[in-house]
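One structure is given below, encoded as structure tokens.
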Amino acid sequence: MTAALLPQWRDDWALFLDVDGTLLKIAAAPDAVSVPQRLIDLLAKLGERLGGALALVSGRLIVDIDGLFAPLRLPVAGAHGAERRAASGRLQRRDDSDALVAAKRRLAEWTAAHPGTLLEDKGSALALHYRQAPAFEAAAKHAVADALLAAGPDFHLQEGKKVLEIRADGVGKGRAIAAFMSEPPFAGRLPVFVGDDLTDEAGFETVNRLGGHSIAVGVDRATHAKWHLADEASVVAWLEASLGEPQ
Ligand SMILES: [Mg+2]
């Protein structure tokens, strides 16, 4: 990491951070991660430094994120923005489980027959994880395409790192960031988003449109991000160094 490859830290930023693959190494299964106390302390200090304008923006559910980062409770978008807790504490959540019943049944049958695959029901979305059974990748894509037909025209496929997710149109990290930016204490600040995966591209596009900074972590694909960090450790080191910058 060299400083020239990153934007100069400013205390008038609104900072949005993805979690898995950005702050934490991706684990074999979503529940196999733990958050070092040092990172929790760092986020608490950064949130104070930014006047509360720090939010996590993740594919995980908010309840899951709160558990990981306890006792810290930051503003947060979960399930790629299908759930969002504003800085005020107000919680918004969409529930598409009725529309996803048939798709869920198909994917539950499929995962039961394919050891190592895992179906996660987020209420607003269905995520098929195959990290522990990569040989099933092609079959998993076929199964999700089939389930997507059962979900109907209001849903789409979001691919991630060893995960395939069916979620409603109109849900995404870009919209979640834009929603935060319309509210205090984010409004009027410069948005900065750090993420790693395909689902983060919508967030990069949103902060670029708002004149902010988009930072991709460990990405070797074409990306909308303007800046780059090598890996999760580099993100944490950069955030720690930023705390040392003069206010
Ligand atoms: Mg990620």
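Every chain in the structure tokens has a letter given in the order shown (A, B, ...), and although residue numbers restart at 1 in each chain, ligands are simply numbered from 1 in the order shown.
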Listing only residues of chain A within 10 Å of ligand 1, what is the closest atom pair and its distance in Å (to one decimal) for each, using only C-alpha atoms and all ligand atoms, sorted by chain and residue number ascending, as JSON lines?
{"residue": "A:Leu17", "atom": "CA", "partner": "ligand 1", "partner_atom_place_in_ligand_line": "1 (Mg)", "distance": 9.0}
{"residue": "A:Asp18", "atom": "CA", "partner": "ligand 1", "partner_atom_place_in_ligand_line": "1 (Mg)", "distance": 5.5}
{"residue": "A:Val19", "atom": "CA", "partner": "ligand 1", "partner_atom_place_in_ligand_line": "1 (Mg)", "distance": 5.6}
{"residue": "A:Asp20", "atom": "CA", "partner": "ligand 1", "partner_atom_place_in_ligand_line": "1 (Mg)", "distance": 4.2}
{"residue": "A:Gly21", "atom": "CA", "partner": "ligand 1", "partner_atom_place_in_ligand_line": "1 (Mg)", "distance": 4.3}
{"residue": "A:Thr22", "atom": "CA", "partner": "ligand 1", "partner_atom_place_in_ligand_line": "1 (Mg)", "distance": 5.6}
{"residue": "A:Leu23", "atom": "CA", "partner": "ligand 1", "partner_atom_place_in_ligand_line": "1 (Mg)", "distance": 8.3}
{"residue": "A:Leu24", "atom": "CA", "partner": "ligand 1", "partner_atom_place_in_ligand_line": "1 (Mg)", "distance": 8.5}
{"residue": "A:Lys25", "atom": "CA", "partner": "ligand 1", "partner_atom_place_in_ligand_line": "1 (Mg)", "distance": 9.1}
{"residue": "A:Ile26", "atom": "CA", "partner": "ligand 1", "partner_atom_place_in_ligand_line": "1 (Mg)", "distance": 8.0}
{"residue": "A:Val57", "atom": "CA", "partner": "ligand 1", "partner_atom_place_in_ligand_line": "1 (Mg)", "distance": 9.0}
{"residue": "A:Ser58", "atom": "CA", "partner": "ligand 1", "partner_atom_place_in_ligand_line": "1 (Mg)", "distance": 6.9}
{"residue": "A:Gly59", "atom": "CA", "partner": "ligand 1", "partner_atom_place_in_ligand_line": "1 (Mg)", "distance": 7.5}
{"residue": "A:Arg60", "atom": "CA", "partner": "ligand 1", "partner_atom_place_in_ligand_line": "1 (Mg)", "distance": 9.6}
{"residue": "A:Gly160", "atom": "CA", "partner": "ligand 1", "partner_atom_place_in_ligand_line": "1 (Mg)", "distance": 8.4}
{"residue": "A:Lys161", "atom": "CA", "partner": "ligand 1", "partner_atom_place_in_ligand_line": "1 (Mg)", "distance": 8.2}
{"residue": "A:Val194", "atom": "CA", "partner": "ligand 1", "partner_atom_place_in_ligand_line": "1 (Mg)", "distance": 9.1}
{"residue": "A:Gly195", "atom": "CA", "partner": "ligand 1", "partner_atom_place_in_ligand_line": "1 (Mg)", "distance": 5.7}
{"residue": "A:Asp196", "atom": "CA", "partner": "ligand 1", "partner_atom_place_in_ligand_line": "1 (Mg)", "distance": 4.9}
{"residue": "A:Asp197", "atom": "CA", "partner": "ligand 1", "partner_atom_place_in_ligand_line": "1 (Mg)", "distance": 5.1}
{"residue": "A:Leu198", "atom": "CA", "partner": "ligand 1", "partner_atom_place_in_ligand_line": "1 (Mg)", "distance": 8.4}
{"residue": "A:Thr199", "atom": "CA", "partner": "ligand 1", "partner_atom_place_in_ligand_line": "1 (Mg)", "distance": 7.9}
{"residue": "A:Asp200", "atom": "CA", "partner": "ligand 1", "partner_atom_place_in_ligand_line": "1 (Mg)", "distance": 7.3}
{"residue": "A:Ala216", "atom": "CA", "partner": "ligand 1", "partner_atom_place_in_ligand_line": "1 (Mg)", "distance": 9.9}
{"residue": "A:Val217", "atom": "CA", "partner": "ligand 1", "partner_atom_place_in_ligand_line": "1 (Mg)", "distance": 8.8}
{"residue": "A:Glu232", "atom": "CA", "partner": "ligand 1", "partner_atom_place_in_ligand_line": "1 (Mg)", "distance": 9.9}
Would you write out, as a Markdown table, a table of all residues in segment 102-198 of chain A that have an atom no more than 12 Å from an atom of segment 72-91 of chain A, listing for each the closest atom pair and the distance in Å to one decimal, considering only C-alpha atoms and ordering rows by chain and rising residue number?
| residue | atom | partner | partner_atom | distance |
| --- | --- | --- | --- | --- |
| A:Glu120 | CA | A:Ala79 | CA | 11.0 |
| A:Asp121 | CA | A:Ala79 | CA | 10.3 |
| A:Lys122 | CA | A:Ala79 | CA | 6.9 |
| A:Gly123 | CA | A:Ala79 | CA | 9.0 |
| A:Ser124 | CA | A:Ala82 | CA | 6.3 |
| A:Ala125 | CA | A:Ala79 | CA | 7.4 |
| A:Leu126 | CA | A:Ala79 | CA | 9.8 |
| A:Ala127 | CA | A:Ala79 | CA | 9.8 |
| A:Gln158 | CA | A:His80 | CA | 10.0 |
| A:Gly160 | CA | A:His80 | CA | 11.4 |
| A:Glu165 | CA | A:Ala79 | CA | 10.1 |
| A:Ile166 | CA | A:Ala79 | CA | 11.0 |
| A:Arg167 | CA | A:Ala82 | CA | 8.9 |
| A:Ala168 | CA | A:Ala82 | CA | 8.6 |
| A:Asp169 | CA | A:Ala82 | CA | 10.3 |
| A:Gly170 | CA | A:Ala82 | CA | 9.0 |
| A:Val171 | CA | A:Ala82 | CA | 5.8 |
| A:Gly172 | CA | A:His80 | CA | 5.2 |
| A:Lys173 | CA | A:His80 | CA | 5.2 |
| A:Gly174 | CA | A:Gly81 | CA | 8.2 |
| A:Arg175 | CA | A:Gly81 | CA | 7.1 |
| A:Ala176 | CA | A:Gly81 | CA | 5.0 |
| A:Ile177 | CA | A:Ala77 | CA | 8.3 |
| A:Ala178 | CA | A:Gly81 | CA | 10.5 |
| A:Ala179 | CA | A:Ala86 | CA | 8.9 |
| A:Phe180 | CA | A:Ala86 | CA | 6.9 |
| A:Met181 | CA | A:Ala86 | CA | 10.3 |
| A:Ser182 | CA | A:Ala86 | CA | 10.5 |
| A:Glu183 | CA | A:Ala86 | CA | 8.0 |
| A:Pro184 | CA | A:Ala87 | CA | 7.3 |
| A:Pro185 | CA | A:Ala87 | CA | 7.2 |
| A:Phe186 | CA | A:Ala87 | CA | 8.7 |
| A:Ala187 | CA | A:Ala87 | CA | 11.4 |
| A:Gly195 | CA | A:His80 | CA | 11.9 |
| A:Asp197 | CA | A:His80 | CA | 11.4 |
| A:Leu198 | CA | A:His80 | CA | 11.3 |
Open item on the list: Using only C-alpha atoms, which protein or nucleic acid residues come within 10 Å of Arg10 of chain A? Drop anything in the same chain fewer than 2 positions from it, and give the result as a list of chain:residue names.
Closed with: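 Counting only C-alpha atoms, the residues come to A:Pro7, A:Gln8, A:Asp12, A:Trp13, A:Ala14, A:Arg49, A:Leu50, A:Arg189, A:Leu190, A:Ser242, A:Glu245, A:Pro246, A:Gln247.
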Produce a table with one row for each residue of segment 25-118 of chain A that has an atom at most 7 Å from any atom of segment 131-143 of chain A, each row naming the nearest atom pair and its distance in Å at one decimal; use only C-alpha atoms; arrange rows by chain and rising residue number; format as JSON lines.
{"residue": "A:Ala28", "atom": "CA", "partner": "A:Arg131", "partner_atom": "CA", "distance": 6.3}
{"residue": "A:Leu107", "atom": "CA", "partner": "A:Ala143", "partner_atom": "CA", "distance": 6.9}
{"residue": "A:Gly116", "atom": "CA", "partner": "A:Ala133", "partner_atom": "CA", "distance": 5.0}
{"residue": "A:Thr117", "atom": "CA", "partner": "A:Ala133", "partner_atom": "CA", "distance": 6.0}
For all heavy atoms, I'd like the residues from the last selection saved as an mmCIF file, in the first residue's frame.
data_model
loop_
_atom_site.group_PDB
_atom_site.id
_atom_site.type_symbol
_atom_site.label_atom_id
_atom_site.label_comp_id
_atom_site.auth_asym_id
_atom_site.auth_seq_id
_atom_site.Cartn_x
_atom_site.Cartn_y
_atom_site.Cartn_z
ATOM 1 N N ALA A 28 -14.841 -20.035 5.461
ATOM 2 C CA ALA A 28 -15.388 -21.189 4.748
ATOM 3 C C ALA A 28 -16.910 -21.169 4.763
ATOM 4 O O ALA A 28 -17.561 -21.599 3.821
ATOM 5 C CB ALA A 28 -14.868 -22.478 5.391
ATOM 6 N N LEU A 107 -34.685 -24.812 -3.915
ATOM 7 C CA LEU A 107 -33.273 -24.728 -3.509
ATOM 8 C C LEU A 107 -32.991 -25.561 -2.264
ATOM 9 O O LEU A 107 -31.898 -26.110 -2.114
ATOM 10 C CB LEU A 107 -32.874 -23.265 -3.278
ATOM 11 C CG LEU A 107 -32.797 -22.416 -4.549
ATOM 12 C CD1 LEU A 107 -32.459 -20.975 -4.210
ATOM 13 C CD2 LEU A 107 -31.757 -22.983 -5.527
ATOM 14 N N GLY A 116 -22.334 -29.991 1.299
ATOM 15 C CA GLY A 116 -21.365 -28.898 1.293
ATOM 16 C C GLY A 116 -21.981 -27.597 0.811
ATOM 17 O O GLY A 116 -21.425 -26.530 1.032
ATOM 18 N N THR A 117 -23.141 -27.690 0.133
ATOM 19 C CA THR A 117 -23.826 -26.452 -0.255
ATOM 20 C C THR A 117 -24.748 -26.029 0.879
ATOM 21 O O THR A 117 -25.148 -26.837 1.714
ATOM 22 C CB THR A 117 -24.636 -26.634 -1.553
ATOM 23 O OG1 THR A 117 -25.665 -27.614 -1.327
ATOM 24 C CG2 THR A 117 -23.736 -27.082 -2.687
#
Open item on the list: Report, in Å to a single decimal, how far apart atom CA of Leu61 of chain A and atom CA of Ala147 of chain A are.
Closed with: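 Those two atoms sit 21.4 Å apart.
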TODO: Going by DSSP on the backbone, which bits of segment 20-210 of chain A are strand (DSSP E or B)? Write them as number ranges by chain, please.
DONE: A: 20, 24, 54-57, 76-78, 83-85, 91-93, 118-121, 125-129, 155-160, 163-168, 190-195
- [ ] Give the helix (DSSP H, G or I) residues of segment 28-126 of chain A, as assigned by DSSP on the backbone, as a ChimeraX atom specification.
- [x] /A:30-32,37-49,62-69,79-81,101-112
Quick one: write out the picked residues with N, CA, C and O atoms as a compact mmCIF listing (two decimals), in the first residue's frame?
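Once written, out-v9.txt looks like this:
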# COMPACT_ATOMS: atom_id res chain seq x y z
N PRO A 30 -20.40 -18.59 6.32
CA PRO A 30 -20.67 -17.24 6.84
C PRO A 30 -20.59 -17.13 8.36
O PRO A 30 -20.23 -16.08 8.89
N ASP A 31 -20.88 -18.24 9.07
CA ASP A 31 -20.88 -18.16 10.54
C ASP A 31 -19.52 -18.53 11.13
O ASP A 31 -19.38 -18.63 12.35
N ALA A 32 -18.52 -18.71 10.26
CA ALA A 32 -17.19 -19.13 10.74
C ALA A 32 -16.25 -17.95 10.92
O ALA A 32 -15.04 -18.13 10.99
N GLN A 37 -11.25 -7.70 18.58
CA GLN A 37 -11.60 -6.54 19.41
C GLN A 37 -10.96 -5.26 18.87
O GLN A 37 -11.56 -4.18 18.90
N ARG A 38 -9.76 -5.42 18.33
CA ARG A 38 -9.03 -4.26 17.79
C ARG A 38 -9.82 -3.58 16.67
O ARG A 38 -9.84 -2.36 16.54
N LEU A 39 -10.49 -4.39 15.84
CA LEU A 39 -11.28 -3.84 14.74
C LEU A 39 -12.53 -3.14 15.27
O LEU A 39 -12.92 -2.08 14.78
N ILE A 40 -13.16 -3.74 16.29
CA ILE A 40 -14.34 -3.11 16.89
C ILE A 40 -13.96 -1.75 17.48
O ILE A 40 -14.66 -0.75 17.26
N ASP A 41 -12.85 -1.70 18.19
CA ASP A 41 -12.38 -0.44 18.78
C ASP A 41 -12.08 0.59 17.69
O ASP A 41 -12.41 1.78 17.82
N LEU A 42 -11.45 0.13 16.61
CA LEU A 42 -11.10 1.02 15.50
C LEU A 42 -12.35 1.63 14.88
O LEU A 42 -12.41 2.84 14.63
N LEU A 43 -13.37 0.81 14.64
CA LEU A 43 -14.60 1.32 14.02
C LEU A 43 -15.30 2.32 14.94
O LEU A 43 -15.86 3.32 14.48
N ALA A 44 -15.28 2.03 16.25
CA ALA A 44 -15.91 2.95 17.21
C ALA A 44 -15.22 4.31 17.16
O ALA A 44 -15.87 5.36 17.12
N LYS A 45 -13.88 4.31 17.10
CA LYS A 45 -13.14 5.57 17.06
C LYS A 45 -13.38 6.30 15.74
O LYS A 45 -13.53 7.53 15.72
N LEU A 46 -13.41 5.56 14.64
CA LEU A 46 -13.65 6.19 13.34
C LEU A 46 -15.03 6.81 13.29
O LEU A 46 -15.21 7.91 12.75
N GLY A 47 -16.03 6.11 13.86
CA GLY A 47 -17.38 6.64 13.89
C GLY A 47 -17.44 7.96 14.62
O GLY A 47 -18.08 8.92 14.18
N GLU A 48 -16.74 8.04 15.75
CA GLU A 48 -16.68 9.30 16.52
C GLU A 48 -16.01 10.39 15.70
O GLU A 48 -16.48 11.53 15.64
N ARG A 49 -14.90 10.03 15.09
CA ARG A 49 -14.13 11.00 14.30
C ARG A 49 -14.97 11.59 13.18
O ARG A 49 -14.82 12.76 12.81
N ILE A 62 -28.77 -7.80 9.36
CA ILE A 62 -28.34 -6.86 10.41
C ILE A 62 -28.14 -7.59 11.74
O ILE A 62 -27.19 -7.30 12.48
N VAL A 63 -29.01 -8.53 12.05
CA VAL A 63 -28.90 -9.24 13.33
C VAL A 63 -27.54 -9.97 13.41
O VAL A 63 -26.92 -10.05 14.48
N ASP A 64 -27.10 -10.46 12.28
CA ASP A 64 -25.83 -11.17 12.18
C ASP A 64 -24.66 -10.18 12.38
O ASP A 64 -23.71 -10.43 13.14
N ILE A 65 -24.76 -9.02 11.74
CA ILE A 65 -23.70 -8.00 11.85
C ILE A 65 -23.61 -7.48 13.29
O ILE A 65 -22.52 -7.32 13.84
N ASP A 66 -24.77 -7.21 13.90
CA ASP A 66 -24.77 -6.74 15.29
C ASP A 66 -24.10 -7.75 16.21
O ASP A 66 -23.37 -7.39 17.13
N GLY A 67 -24.35 -9.03 15.95
CA GLY A 67 -23.73 -10.08 16.76
C GLY A 67 -22.22 -10.10 16.59
O GLY A 67 -21.47 -10.20 17.56
N LEU A 68 -21.77 -9.93 15.35
CA LEU A 68 -20.33 -9.97 15.07
C LEU A 68 -19.59 -8.80 15.72
O LEU A 68 -18.49 -8.97 16.23
N PHE A 69 -20.20 -7.60 15.66
CA PHE A 69 -19.50 -6.40 16.09
C PHE A 69 -19.89 -5.94 17.50
O PHE A 69 -19.51 -4.84 17.92
N ALA A 79 -28.38 -7.46 4.10
CA ALA A 79 -28.98 -8.12 2.93
C ALA A 79 -28.90 -7.22 1.70
O ALA A 79 -29.87 -7.07 0.96
N HIS A 80 -27.72 -6.63 1.48
CA HIS A 80 -27.47 -5.76 0.31
C HIS A 80 -28.42 -4.58 0.26
O HIS A 80 -28.72 -4.06 -0.81
N GLY A 81 -28.93 -4.16 1.40
CA GLY A 81 -29.79 -2.98 1.44
C GLY A 81 -31.27 -3.29 1.62
O GLY A 81 -32.08 -2.38 1.78
N VAL A 101 -41.41 -18.46 -1.70
CA VAL A 101 -41.70 -19.79 -1.15
C VAL A 101 -41.32 -20.91 -2.12
O VAL A 101 -40.63 -21.87 -1.76
N ALA A 102 -41.76 -20.78 -3.37
CA ALA A 102 -41.51 -21.86 -4.34
C ALA A 102 -40.03 -21.98 -4.65
O ALA A 102 -39.48 -23.09 -4.74
N ALA A 103 -39.37 -20.83 -4.79
CA ALA A 103 -37.93 -20.86 -5.08
C ALA A 103 -37.17 -21.49 -3.92
O ALA A 103 -36.23 -22.26 -4.11
N LYS A 104 -37.60 -21.13 -2.70
CA LYS A 104 -36.92 -21.69 -1.52
C LYS A 104 -37.08 -23.20 -1.45
O LYS A 104 -36.12 -23.92 -1.14
N ARG A 105 -38.28 -23.69 -1.77
CA ARG A 105 -38.50 -25.14 -1.72
C ARG A 105 -37.57 -25.84 -2.71
O ARG A 105 -36.94 -26.85 -2.38
N ARG A 106 -37.47 -25.30 -3.91
CA ARG A 106 -36.59 -25.93 -4.90
C ARG A 106 -35.14 -25.92 -4.46
O ARG A 106 -34.42 -26.92 -4.60
N LEU A 107 -34.69 -24.81 -3.92
CA LEU A 107 -33.27 -24.73 -3.51
C LEU A 107 -32.99 -25.56 -2.26
O LEU A 107 -31.90 -26.11 -2.11
N ALA A 108 -33.98 -25.68 -1.38
CA ALA A 108 -33.80 -26.52 -0.19
C ALA A 108 -33.65 -27.98 -0.59
O ALA A 108 -32.80 -28.70 -0.06
N GLU A 109 -34.45 -28.41 -1.56
CA GLU A 109 -34.32 -29.79 -2.06
C GLU A 109 -32.96 -29.99 -2.71
O GLU A 109 -32.31 -31.01 -2.52
N TRP A 110 -32.54 -28.98 -3.47
CA TRP A 110 -31.26 -29.11 -4.18
C TRP A 110 -30.08 -29.15 -3.21
O TRP A 110 -29.19 -29.99 -3.33
N THR A 111 -30.07 -28.26 -2.23
CA THR A 111 -28.94 -28.26 -1.29
C THR A 111 -28.91 -29.53 -0.46
O THR A 111 -27.85 -30.04 -0.12
N ALA A 112 -30.09 -30.08 -0.14
CA ALA A 112 -30.14 -31.33 0.64
C ALA A 112 -29.47 -32.47 -0.14
O ALA A 112 -28.91 -33.39 0.45
